[in-house]
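Have a look at final.pdb below; it lists PDB, C-alpha atoms.
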```
ATOM      1  CA  MET A 998      15.071  13.874  -5.776
ATOM      2  CA  ASN A 999      17.049  12.465  -8.698
ATOM      3  CA  GLN A1000      16.350  13.271 -12.344
ATOM      4  CA  SER A1001      17.562  12.996 -15.918
ATOM      5  CA  PRO A1002      19.616  15.900 -17.379
ATOM      6  CA  THR A1003      16.414  17.409 -18.801
ATOM      7  CA  ILE A1004      12.850  17.018 -17.521
ATOM      8  CA  GLY A1005      10.829  19.296 -19.802
ATOM      9  CA  ALA A1006       8.898  16.519 -21.565
ATOM     10  CA  ILE A1007       8.230  14.470 -18.440
ATOM     11  CA  ALA A1008       7.108  17.547 -16.519
ATOM     12  CA  ALA A1009       4.568  18.414 -19.211
ATOM     13  CA  ALA A1010       3.331  14.817 -19.364
ATOM     14  CA  LEU A1011       2.999  14.568 -15.581
ATOM     15  CA  ALA A1012       1.039  17.829 -15.454
ATOM     16  CA  LYS A1013      -1.470  16.400 -17.956
ATOM     17  CA  ALA A1014      -1.624  13.061 -16.168
ATOM     18  CA  GLN A1015      -2.333  14.656 -12.806
ATOM     19  CA  LEU A1016      -5.444  16.295 -14.243
ATOM     20  CA  ALA A1017      -6.752  12.807 -15.070
ATOM     21  CA  PHE A1018      -5.799  11.036 -11.838
ATOM     22  CA  LYS A1019      -8.756   9.351 -10.167
ATOM     23  CA  PRO A1020      -9.447  10.030  -6.477
ATOM     24  CA  ALA A1021      -7.269   7.947  -4.146
ATOM     25  CA  ILE A1022     -10.005   6.858  -1.754
ATOM     26  CA  LYS A1023      -9.385   5.882   1.845
ATOM     27  CA  ASP A1024     -11.268   2.600   1.584
ATOM     28  CA  ALA A1025      -8.927   0.215   3.397
ATOM     29  CA  LEU A1026      -9.422  -0.281   7.122
ATOM     30  CA  ASN A1027      -6.616   0.159   9.639
ATOM     31  CA  PRO A1028      -8.192  -1.050  12.890
ATOM     32  CA  PHE A1029      -4.961  -0.532  14.841
ATOM     33  CA  PHE A1030      -5.339   3.228  14.485
ATOM     34  CA  LYS A1031      -9.154   3.102  14.039
ATOM     35  CA  SER A1032      -8.924   4.865  10.706
ATOM     36  CA  LYS A1033      -9.087   4.327   6.955
ATOM     37  CA  TYR A1034      -6.225   4.749   4.504
ATOM     38  CA  VAL A1035      -5.333   4.393   0.835
ATOM     39  CA  ASP A1036      -3.655   1.023   0.324
ATOM     40  CA  LEU A1037      -0.994   0.349  -2.317
ATOM     41  CA  ALA A1038      -3.448  -1.176  -4.795
ATOM     42  CA  GLY A1039      -5.772   1.805  -4.437
ATOM     43  CA  ALA A1040      -2.949   4.278  -5.028
ATOM     44  CA  ILE A1041      -1.843   2.444  -8.170
ATOM     45  CA  ASP A1042      -5.406   2.143  -9.488
ATOM     46  CA  SER A1043      -5.920   5.885  -9.136
ATOM     47  CA  VAL A1044      -3.055   6.748 -11.512
ATOM     48  CA  ARG A1045      -2.432   3.771 -13.796
ATOM     49  CA  GLU A1046      -4.623   4.821 -16.744
ATOM     50  CA  ALA A1047      -3.601   8.485 -16.663
ATOM     51  CA  LEU A1048       0.098   7.626 -16.567
ATOM     52  CA  SER A1049      -0.162   5.177 -19.454
ATOM     53  CA  ALA A1050      -2.183   7.625 -21.571
ATOM     54  CA  ASN A1051       0.600  10.188 -21.225
ATOM     55  CA  GLY A1052       3.565   7.920 -21.918
ATOM     56  CA  LEU A1053       4.496   7.559 -18.255
ATOM     57  CA  ALA A1054       5.314   4.506 -16.153
ATOM     58  CA  ILE A1055       6.327   3.901 -12.546
ATOM     59  CA  VAL A1056       9.136   1.493 -11.641
ATOM     60  CA  GLN A1057       9.878   0.537  -8.035
ATOM     61  CA  SER A1058      12.838  -1.627  -7.071
ATOM     62  CA  THR A1059      14.806  -2.432  -3.948
ATOM     63  CA  GLU A1060      18.569  -2.282  -3.544
ATOM     64  CA  ALA A1061      20.442  -4.136  -0.851
ATOM     65  CA  GLY A1062      23.668  -2.537   0.312
ATOM     66  CA  GLU A1063      24.725  -1.169   3.650
ATOM     67  CA  LYS A1064      21.029  -0.398   4.065
ATOM     68  CA  LEU A1065      17.997  -1.684   2.187
ATOM     69  CA  VAL A1066      16.371   1.088   0.138
ATOM     70  CA  LEU A1067      13.481   1.463  -2.279
ATOM     71  CA  HIS A1068      13.986   3.330  -5.563
ATOM     72  CA  THR A1069      10.850   4.806  -7.128
ATOM     73  CA  THR A1070      11.282   6.145 -10.653
ATOM     74  CA  LEU A1071       8.806   7.826 -12.995
ATOM     75  CA  LEU A1072       9.794   7.094 -16.611
ATOM     76  CA  HIS A1073       8.660   8.952 -19.724
ATOM     77  CA  SER A1074       8.618   7.717 -23.321
ATOM     78  CA  SER A1075      11.087  10.510 -24.165
ATOM     79  CA  GLY A1076      13.720   8.842 -22.005
ATOM     80  CA  GLU A1077      13.471  11.459 -19.251
ATOM     81  CA  TRP A1078      12.912  10.397 -15.678
ATOM     82  CA  ILE A1079      12.569  11.591 -12.101
ATOM     83  CA  GLY A1080      12.810   9.533  -8.956
ATOM     84  CA  GLY A1081      13.646   9.247  -5.312
ATOM     85  CA  THR A1082      14.967   6.826  -2.714
ATOM     86  CA  TYR A1083      13.252   5.715   0.499
ATOM     87  CA  PRO A1084      14.978   3.781   3.313
ATOM     88  CA  ILE A1085      13.307   0.493   4.252
ATOM     89  CA  VAL A1086      13.385  -0.141   7.986
ATOM     90  CA  ALA A1087      12.020  -3.441   9.291
ATOM     91  CA  VAL A1088      11.943  -3.935  13.037
ATOM     92  CA  LYS A1089      12.250  -7.674  12.502
ATOM     93  CA  PRO A1090      14.617  -8.481   9.599
ATOM     94  CA  ASP A1091      12.853 -11.646   8.431
ATOM     95  CA  PRO A1092      11.023 -12.113   5.099
ATOM     96  CA  GLN A1093       7.638 -11.094   6.507
ATOM     97  CA  GLY A1094       8.943  -8.053   8.330
ATOM     98  CA  ILE A1095      10.904  -6.854   5.306
ATOM     99  CA  GLY A1096       7.968  -7.540   2.973
ATOM    100  CA  SER A1097       5.647  -5.431   5.106
ATOM    101  CA  ALA A1098       8.172  -2.605   5.268
ATOM    102  CA  VAL A1099       8.586  -2.689   1.471
ATOM    103  CA  THR A1100       4.809  -2.440   0.956
ATOM    104  CA  TYR A1101       4.696   0.498   3.346
ATOM    105  CA  ALA A1102       7.568   2.233   1.545
ATOM    106  CA  ARG A1103       6.101   1.635  -1.918
ATOM    107  CA  ARG A1104       2.784   3.190  -0.968
ATOM    108  CA  TYR A1105       4.231   6.372   0.527
ATOM    109  CA  SER A1106       6.922   6.803  -2.141
ATOM    110  CA  LEU A1107       4.415   6.441  -4.972
ATOM    111  CA  MET A1108       1.988   8.946  -3.470
ATOM    112  CA  ALA A1109       4.728  11.455  -2.671
ATOM    113  CA  LEU A1110       6.376  11.319  -6.109
ATOM    114  CA  LEU A1111       3.116  11.704  -8.038
ATOM    115  CA  GLY A1112       1.514  14.199  -5.687
ATOM    116  CA  ILE A1113      -1.417  11.943  -4.811
ATOM    117  CA  ALA A1114      -3.644  13.214  -2.010
ATOM    118  CA  ALA A1115      -5.829  10.723  -0.166
ATOM    119  CA  GLU A1116      -9.550  11.479  -0.073
ATOM    120  CA  ASP A1117     -12.282  10.390   2.317
ATOM    121  CA  ASP A1118     -14.731   7.730   1.219
ATOM    122  CA  ASP A1119     -17.751  10.063   0.982
ATOM    123  CA  GLY A1120     -17.756  10.130  -2.803
ATOM    124  CA  GLU A1121     -16.977   6.485  -3.397
ATOM    125  CA  SER A1122     -20.279   5.534  -5.021
ATOM    126  CA  ALA A1123     -20.214   8.622  -7.235
ATOM    127  CA  HIS A1124     -16.922   7.433  -8.733
ATOM    128  CA  GLY A1125     -18.230   3.911  -9.275
ATOM    129  CA  ARG A1126     -15.680   2.317  -6.970
ATOM    130  CA  GLU A1127     -16.568  -0.991  -5.359
ATOM    131  CA  ALA A1128     -15.529  -1.625  -1.789
ATOM    132  CA  LYS A1129     -12.521  -3.945  -1.707
ATOM    133  CA  VAL A1130     -13.347  -5.267   1.739
ATOM    134  CA  ALA A1131     -16.051  -7.913   1.795
ATOM    135  CA  THR A1132     -18.312  -8.382   4.799
ATOM    136  CA  ILE A1133     -19.896 -11.509   6.233
ATOM    137  CA  THR A1134     -23.334 -10.538   4.938
ATOM    138  CA  GLY A1135     -25.010 -10.845   1.546
ATOM    139  CA  GLU A1136     -23.240 -12.438  -1.392
ATOM    140  CA  ALA A1137     -19.879 -12.583   0.366
ATOM    141  CA  LYS A1138     -21.253 -14.996   2.954
ATOM    142  CA  LYS A1139     -22.385 -17.511   0.361
ATOM    143  CA  LYS A1140     -18.905 -18.496  -0.725
ATOM    144  CA  LYS A1141     -15.945 -18.439   1.607
ATOM    145  CA  PRO A1142     -12.658 -18.157  -0.347
ATOM    146  CA  THR A1143     -10.109 -20.965  -0.326
ATOM    147  CA  TRP A1144      -6.739 -20.331   1.330
ATOM    148  CA  SER A1145      -3.566 -22.084   0.218
ATOM    149  CA  ASP A1146      -1.145 -23.445   2.801
ATOM    150  CA  GLU A1147       1.350 -20.708   1.907
ATOM    151  CA  GLN A1148      -1.263 -17.992   2.381
ATOM    152  CA  ARG A1149      -2.297 -19.412   5.751
ATOM    153  CA  THR A1150       1.343 -19.483   6.879
ATOM    154  CA  THR A1151       1.925 -15.899   5.722
ATOM    155  CA  ALA A1152      -1.223 -14.620   7.428
ATOM    156  CA  GLY A1153      -0.423 -16.552  10.604
ATOM    157  CA  THR A1154       3.068 -15.058  10.806
ATOM    158  CA  LEU A1155       1.771 -11.523  10.272
ATOM    159  CA  LYS A1156      -0.978 -11.949  12.875
ATOM    160  CA  ARG A1157       1.477 -13.320  15.423
ATOM    161  CA  GLU A1158       3.956 -10.468  14.972
ATOM    162  CA  ILE A1159       1.246  -7.793  15.060
ATOM    163  CA  SER A1160       0.034  -9.231  18.357
ATOM    164  CA  GLU A1161       3.588  -9.532  19.682
ATOM    165  CA  TYR A1162       4.697  -5.991  18.868
ATOM    166  CA  GLY A1163       1.308  -4.302  19.195
ATOM    167  CA  GLY A1164       0.397  -5.909  22.508
ATOM    168  CA  GLU A1165      -3.264  -5.904  23.480
ATOM    169  CA  GLN A1166      -4.040  -3.218  20.888
ATOM    170  CA  GLY A1167      -2.384  -5.334  18.238
ATOM    171  CA  GLU A1168      -4.471  -8.357  19.184
ATOM    172  CA  GLN A1169      -7.642  -6.297  19.072
ATOM    173  CA  ALA A1170      -6.642  -4.882  15.688
ATOM    174  CA  VAL A1171      -6.111  -8.356  14.247
ATOM    175  CA  ASP A1172      -9.437  -9.567  15.635
ATOM    176  CA  ALA A1173     -11.253  -6.556  14.169
ATOM    177  CA  LEU A1174      -9.580  -7.000  10.782
ATOM    178  CA  TRP A1175     -10.459 -10.685  10.709
ATOM    179  CA  ARG A1176     -14.090 -10.012  11.565
ATOM    180  CA  ARG A1177     -14.225  -7.381   8.837
ATOM    181  CA  MET A1178     -12.359  -9.293   6.122
ATOM    182  CA  GLY A1179     -13.085 -12.903   7.018
ATOM    183  CA  TYR A1180     -14.829 -13.533   3.712
ATOM    184  CA  ASP A1181     -12.588 -11.418   1.481
ATOM    185  CA  GLU A1182     -10.081 -12.837  -0.980
ATOM    186  CA  PRO A1183      -6.923 -14.134   0.778
ATOM    187  CA  ALA A1184      -4.653 -11.783  -1.213
ATOM    188  CA  HIS A1185      -6.632  -8.759   0.008
ATOM    189  CA  VAL A1186      -6.555  -9.982   3.599
ATOM    190  CA  ILE A1187      -2.800 -10.540   3.468
ATOM    191  CA  GLU A1188      -2.220  -7.073   1.974
ATOM    192  CA  ALA A1189      -4.283  -5.521   4.784
ATOM    193  CA  LEU A1190      -2.320  -7.525   7.351
ATOM    194  CA  GLU A1191       0.964  -6.403   5.771
ATOM    195  CA  THR A1192      -0.076  -2.764   5.987
ATOM    196  CA  LEU A1193      -1.224  -3.156   9.573
ATOM    197  CA  HIS A1194       2.047  -4.955  10.363
ATOM    198  CA  ALA A1195       4.071  -2.078   8.844
ATOM    199  CA  ASP A1196       2.125   0.491  10.892
ATOM    200  CA  VAL A1197       2.662  -1.502  14.095
ATOM    201  CA  MET A1198       6.387  -1.822  13.346
ATOM    202  CA  ASP A1199       6.591   1.904  12.616
ATOM    203  CA  GLN A1200       4.907   2.686  15.925
ATOM    204  CA  ALA A1201       7.229   0.273  17.731
ATOM    205  CA  ASN A1202      10.236   1.999  16.154
ATOM    206  CA  LYS A1203       9.055   5.398  17.336
ATOM    207  CA  GLU A1204       8.478   4.137  20.880
ATOM    208  CA  ASN A1205      11.930   2.524  21.019
ATOM    209  CA  LYS A1206      13.777   5.700  19.954
TER     210      LYS A1206
END
```
As structure tokens, the full file:
Amino acid sequence: MNQSPTIGAIAAALAKAQLAFKPAIKDALNPFFKSKYVDLAGAIDSVREALSANGLAIVQSTEAGEKLVLHTTLLHSSGEWIGGTYPIVAVKPDPQGIGSAVTYARRYSLMALLGIAAEDDDGESAHGREAKVATITGEAKKKKPTWSDEQRTTAGTLKREISEYGGEQGEQAVDALWRRMGYDEPAHVIEALETLHADVMDQANKENK
């Protein structure tokens, strides 16, 4: 971990903020591993208000050198900061593969730096959280969202690579995700595909070692 010369003020602010963090609920579906997880948006939502109220802000940026890395830095209004670096490994070094790997790295780096623990979905209604994944029943079925050409291309590329690297399981995962999120907003579907893509790439990396 990297830090400013002093961290007394930021440490005190982070301790107060952590008491006000909302639960990071596992409400995003990962059909490839038949489990639920906290997606990037959910992790950010759980801490945004508490950080701001205590003079804290998160900055995440990539740096391209010999290796592509993600820098995650927690800034405090005092000028103090703490941060860390996470290597970004994309099995396929094209824009979609790198984008998925960056999303994956941002999620884990953010949760690790702030000490966020994922929670099961049992208490979701008690916290007033609405499910982000729409189903094909009820209100969601009345209006199917409109996809732009760029969104269709992005989703198509992700689906193809998940199927290619995940094999039969990857194809089944894509089919399950599409059935589950077919009437959700395109941006949410693409984010779920990116996360699934990153998990498939991570599994492929492990199997190829």
To one decimal place in Å, what is the distance between atom CA of A:Ala1047 and atom CA of A:Leu1016?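 Computed distance, atom CA of A:Ala1047 to atom CA of A:Leu1016, equals 8.4 Å.
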Restricting to all atoms listed in the file, whichever of A:Pro1183, A:Gly1081, A:Gly1005, A:Gly1112 is closest to A:Pro1142 is A:Pro1183
Please write the residues picked by the PyMOL selection byres ((chain A and resi 1071-1080) around 7) on this file as a list in words.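 That selection, the PyMOL selection byres ((chain A and resi 1071-1080) around 7), comes back as Met998, Asn999, Gln1000, Ser1001, Thr1003, Ile1004, Ala1006, Ile1007, Gly1052, Leu1053, Ala1054, Ile1055, Val1056, Thr1069, Thr1070 and Gly1081 of chain A.
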List, as a PyMOL selection string, every residue that the PyMOL selection byres ((chain A and resi 1093-1101) around 9) selects in the file provided. chain A and resi 1036-1037+1059+1066-1067+1085-1092+1102-1106+1151+1154-1155+1158+1188+1190-1196+1198-1199
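Between A:Ile1187 and the candidates A:Tyr1162, A:Phe1018, A:Tyr1083, A:Trp1144, the tightest atom-to-atom separation, counting all atoms listed in the file, involves A:Trp1144.
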Non-local contacts of A:His1068 (6 Å; all atoms listed in the file; under 5 positions in same chain excluded) as an MDAnalysis selection string: chainID A and resid 1057:1058 1081:1082
With C-alpha atoms retained, could you export that selection as an mmCIF file, in the frame of the given file?
```cif
data_model
loop_
_atom_site.group_PDB
_atom_site.id
_atom_site.type_symbol
_atom_site.label_atom_id
_atom_site.label_comp_id
_atom_site.auth_asym_id
_atom_site.auth_seq_id
_atom_site.Cartn_x
_atom_site.Cartn_y
_atom_site.Cartn_z
ATOM 1 C CA GLN A 1057 9.878 0.537 -8.035
ATOM 2 C CA SER A 1058 12.838 -1.627 -7.071
ATOM 3 C CA GLY A 1081 13.646 9.247 -5.312
ATOM 4 C CA THR A 1082 14.967 6.826 -2.714
#
```
For A:Ala1017: contacts at 8 Å, all atoms listed in the file, fewer than 3 positions along chain excluded, given as a PyMOL selection string: chain A and resi 1013-1014+1044+1047
Just-selected residues, C-alpha atoms written as a PDB file, in the coordinates of the input:
```
ATOM      1  CA  LYS A1013      -1.470  16.400 -17.956  1.00  0.00           C
ATOM      2  CA  ALA A1014      -1.624  13.061 -16.168  1.00  0.00           C
ATOM      3  CA  VAL A1044      -3.055   6.748 -11.512  1.00  0.00           C
ATOM      4  CA  ALA A1047      -3.601   8.485 -16.663  1.00  0.00           C
TER       5      ALA A1047
END
```
Taking all atoms of stretch 1044-1063 of chain A that the file lists, what box with edges along x, y and z, padded by 8 Å per side, do you get, with centre and edge lengths in Å to one decimal, as JSON?
```
{"center_x": 10.1, "center_y": 3.0, "center_z": -9.1, "size_x": 45.3, "size_y": 30.3, "size_z": 41.6}
```
Of the residues A:Gln1015, A:Gln1200, A:Ala1038, A:Leu1065, which is the one nearest to A:Gly1163, using only C-alpha atoms?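 Among A:Gln1015, A:Gln1200, A:Ala1038, A:Leu1065, it is A:Gln1200 that comes nearest to A:Gly1163.
Distances from A:Ala1152, A:Leu1111, A:Ala1061, A:Ile1041 to A:Ala1184 were compared using only C-alpha atoms, and the smallest one belongs to A:Ala1152.
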Quick one: pull the distance between atom CA of A:Leu1011 and atom CA of A:Ala1114, Å, one decimal.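 Atom-to-atom, atom CA of A:Leu1011 and atom CA of A:Ala1114 are spaced 15.2 Å apart.
The space between atom CA of A:Lys1019 and atom CA of A:Glu1046 spans 9.0 Å.
Between A:Asp1181 and the candidates A:Ser1049, A:Gln1148, A:Ser1043, A:Thr1143, the tightest atom-to-atom separation, counting only C-alpha atoms, involves A:Thr1143.
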